[in-house]
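S.K.: Shown below is the structure under consideration.
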Amino acid sequence: MPSTNRQVRLAARPSGLPRPTDWEFTSEPAPAPGAGEFVVGVTHLSIDPAMRGWMNAGRSYVPPVDIGAVMRAGGIGRVTASEHPGFAVGDYVSGTFGVQEYCVSDGRGVLKLDTSLAEPTVYLGVLGATGLTAYFGLLDTGRLKEGDTVVVSGAAGAVGSVAGQIAKIKGGRVIGIAGGPEKCRLVTEEFGFDAAIDYRAPHLRRTLREFAPRGVDVYFDNVGGEILDDVLACIARGARIVICGAVSQYNESEVRGPANYMMLLVARASMTGMLVFDYADRYPEAMAELAGWYRAGRLVSRETVVSGSVEDFPETLLKLFEGANTGKMILAL
Ligand SMILES: NC(=O)c1ccc[n+]([C@@H]2O[C@H](COP(=O)([O-])OP(=O)(O)OC[C@H]3O[C@@H](n4cnc5c(N)ncnc54)[C@H](OP(=O)(O)O)[C@@H]3O)[C@@H](O)[C@H]2O)c1
């Protein structure tokens, strides 16, 4: 049995990019399960842009992480001790275990993983919240139809790469937006998008008009900011804009809203925020479809796995905002 549990706690609310002084490393005795509980040894942490938002005070879709609390994080791990009839030692599980080495659970919100179908890390990517977000964002909020022209930002990232692949499976014409020529190559060659645009190169709006001469029917937005304005300038009549996230704004003290929003009126378009947790009762149907596509080789899961300890978490989180990842960013402990 392990003797200690190393943890990362929130020490201060950051302004801008999180700094080392915003974190505290602590260690406490490793937990033991009570009746109806089990202990998870965390093997992989999900590194998410949303973590930056959870560090802020103020209204959001989940309460902020308290100062002094273990940082919230999704993850996967193995059961190391169990007093729970539904979970046995050795089971692979996913859940919100926090940035720590061990977590006690009563099983609520914890899923057992079928490792015969996919490697455990895929359950943080295509077969986890990442894939579910792409699925419901595109098909439910975006109401994708066959033949639609679809644009996805953050296209080489976790959610974006899956959203584009699902759009292709459903018969869309798909254009990705990503940072740099290497990511653009990946977007077309590995994820199978029809085209990719490097937003760091000049004339994004002009290039988008060339690629989408009849306008954009669905925009799956992961980044917000200037790119959102550029895409708004190119929407088709009746377009659906899915606000999945706005990673370009998460470290800003003042969020830049869409200046070009009158295009919604011009094009009789809609812009709708979506949150994956709202679809919890439909996860089984989506998981079955995602797993079928994955098994058939129609969905590629890519993960960027950084190896380290919980103390490498602060550094790994920053890498997301530098664009160091392709596909899902994971810290392997
Ligand atoms: N609504 C929901 O339920 C839900 C659920 C999960 C995730 N999300 C959101 O989905 C989005 C994507 O999340 P993810 O986990 O898939 O992360 P991700 O896209 O894998 O990682 C972040 C990527 O964002 C890009 N980026 C960073 N700074 C940027 C900037 N200033 N401008 C443009 N792009 C920038 C980088 O790619 P480049 O190199 O291409 O810049 C980076 O690789 C986030 O906004 C997240 O909050 C929403």
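Here's how to read the names in the structure tokens: chain A, B, ... by the order shown, residue numbers from 1 in each chain, ligand numbers from 1 in the order shown.
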What does the list of residues within 7 Å of ligand 1 look like if you count only C-alpha atoms and all ligand atoms, written as a PyMOL selection string?
M.R.: chain A and resi 48-50+129-130+133+154-160+178-180+183+222-223+244-249+274-277+320-329
S.K.: Env of range 28-30 of chain A: 8 Å cut, atoms = only C-alpha atoms, seq-sep filter 6 positions within chain, self excluded. Answer as a PDB file with C-alpha atoms, in the first residue's frame.
M.R.:
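Written out: result-v1.pdb:
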```pdb
ATOM      1  CA  PRO A   2       1.278   3.501  -0.794  1.00  0.00           C
ATOM      2  CA  SER A   3       2.102   5.671   2.210  1.00  0.00           C
ATOM      3  CA  THR A   4       1.702   9.188   0.771  1.00  0.00           C
ATOM      4  CA  ASN A   5      -0.578  11.042  -1.588  1.00  0.00           C
ATOM      5  CA  ARG A   6       1.040  14.015  -3.342  1.00  0.00           C
ATOM      6  CA  TYR A 102      -4.851   8.808  -4.973  1.00  0.00           C
TER       7      TYR A 102
END
```
S.K.: Determine which residues of range 46-252 of chain A DSSP labels as alpha helix (DSSP H) from the backbone of this structure, then write them out as a ChimeraX atom specification.
M.R.: /A:50-54,129-136,158-169,181-189,204-211,225-232
S.K.: Using only C-alpha atoms, find the one residue out of A:Gly41, A:Gly98, A:Gly292, A:Pro258 that sits nearest to Ala73 in chain A.
M.R.: A:Gly98
S.K.: Just checking: using only C-alpha atoms, which residue out of A:Gln165, A:Ser270, A:Leu138, A:Glu83 ends up closest to Val126 in chain A?
M.R.: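 Answer, going by the shortest atom-to-atom distance: A:Gln165.
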S.K.: Could you please write out, as a PyMOL selection string, every residue of range 76-251 of chain A that DSSP assigns to strand (DSSP E)?
M.R.: chain A and resi 76-82+92-96+102-105+111-112+149-153+173-178+195-198+216-221+235-243
S.K.: Residues at most 6 Å from range 76-80 of chain A, counting only C-alpha atoms, excluding those fewer than 2 positions away in the same chain, as an MDAnalysis selection string?
M.R.: chainID A and resid 39:44 89:94
S.K.: Kindly save the residues from that selection, with N, CA, C and O atoms included, as a JSON list (two decimals), in the first residue's frame.
M.R.:
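Contents of out25.json, as written:
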```json
[["chain", "number", "residue", "atom", "x", "y", "z"],
["A", 39, "VAL", "N", -10.41, 3.09, -3.52],
["A", 39, "VAL", "CA", -9.34, 4.07, -3.76],
["A", 39, "VAL", "C", -8.85, 3.89, -5.20],
["A", 39, "VAL", "O", -8.64, 2.76, -5.66],
["A", 40, "VAL", "N", -8.69, 5.02, -5.87],
["A", 40, "VAL", "CA", -8.17, 5.01, -7.24],
["A", 40, "VAL", "C", -6.73, 5.54, -7.22],
["A", 40, "VAL", "O", -6.46, 6.60, -6.64],
["A", 41, "GLY", "N", -5.83, 4.79, -7.80],
["A", 41, "GLY", "CA", -4.47, 5.28, -8.05],
["A", 41, "GLY", "C", -4.50, 5.95, -9.40],
["A", 41, "GLY", "O", -4.70, 5.30, -10.44],
["A", 42, "VAL", "N", -4.35, 7.27, -9.42],
["A", 42, "VAL", "CA", -4.53, 8.02, -10.67],
["A", 42, "VAL", "C", -3.32, 7.76, -11.58],
["A", 42, "VAL", "O", -2.18, 7.91, -11.16],
["A", 43, "THR", "N", -3.60, 7.34, -12.82],
["A", 43, "THR", "CA", -2.51, 7.06, -13.77],
["A", 43, "THR", "C", -2.37, 8.18, -14.81],
["A", 43, "THR", "O", -1.27, 8.41, -15.30],
["A", 44, "HIS", "N", -3.47, 8.83, -15.16],
["A", 44, "HIS", "CA", -3.42, 9.87, -16.21],
["A", 44, "HIS", "C", -4.36, 11.01, -15.83],
["A", 44, "HIS", "O", -5.52, 10.77, -15.46],
["A", 89, "VAL", "N", -10.31, -4.37, -7.19],
["A", 89, "VAL", "CA", -8.90, -3.97, -7.35],
["A", 89, "VAL", "C", -8.45, -4.34, -8.77],
["A", 89, "VAL", "O", -8.73, -5.43, -9.27],
["A", 90, "GLY", "N", -7.81, -3.37, -9.45],
["A", 90, "GLY", "CA", -7.32, -3.60, -10.82],
["A", 90, "GLY", "C", -8.23, -3.02, -11.88],
["A", 90, "GLY", "O", -7.81, -2.83, -13.02],
["A", 91, "ASP", "N", -9.51, -2.70, -11.55],
["A", 91, "ASP", "CA", -10.42, -2.10, -12.55],
["A", 91, "ASP", "C", -9.85, -0.76, -13.03],
["A", 91, "ASP", "O", -9.36, 0.04, -12.22],
["A", 92, "TYR", "N", -9.94, -0.53, -14.34],
["A", 92, "TYR", "CA", -9.64, 0.80, -14.88],
["A", 92, "TYR", "C", -10.90, 1.66, -14.81],
["A", 92, "TYR", "O", -11.99, 1.20, -15.18],
["A", 93, "VAL", "N", -10.75, 2.90, -14.34],
["A", 93, "VAL", "CA", -11.92, 3.77, -14.16],
["A", 93, "VAL", "C", -11.59, 5.19, -14.62],
["A", 93, "VAL", "O", -10.42, 5.57, -14.68],
["A", 94, "SER", "N", -12.63, 5.95, -14.94],
["A", 94, "SER", "CA", -12.44, 7.39, -15.21],
["A", 94, "SER", "C", -13.39, 8.17, -14.32],
["A", 94, "SER", "O", -14.45, 7.68, -13.93]]
```
S.K.: Restricting the calculation to only C-alpha atoms: of A:Arg240, A:Lys319, A:Arg185, A:Arg173, which residue gets closest to Arg214 in chain A?
M.R.: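 Closest residue, counting only C-alpha atoms: A:Arg173.
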S.K.: Neighbours of Ser307 in chain A within 7 Å (only C-alpha atoms; same-chain residues fewer than 4 positions away dropped), as a VMD selection string?
M.R.: chain A and resid 331 to 333
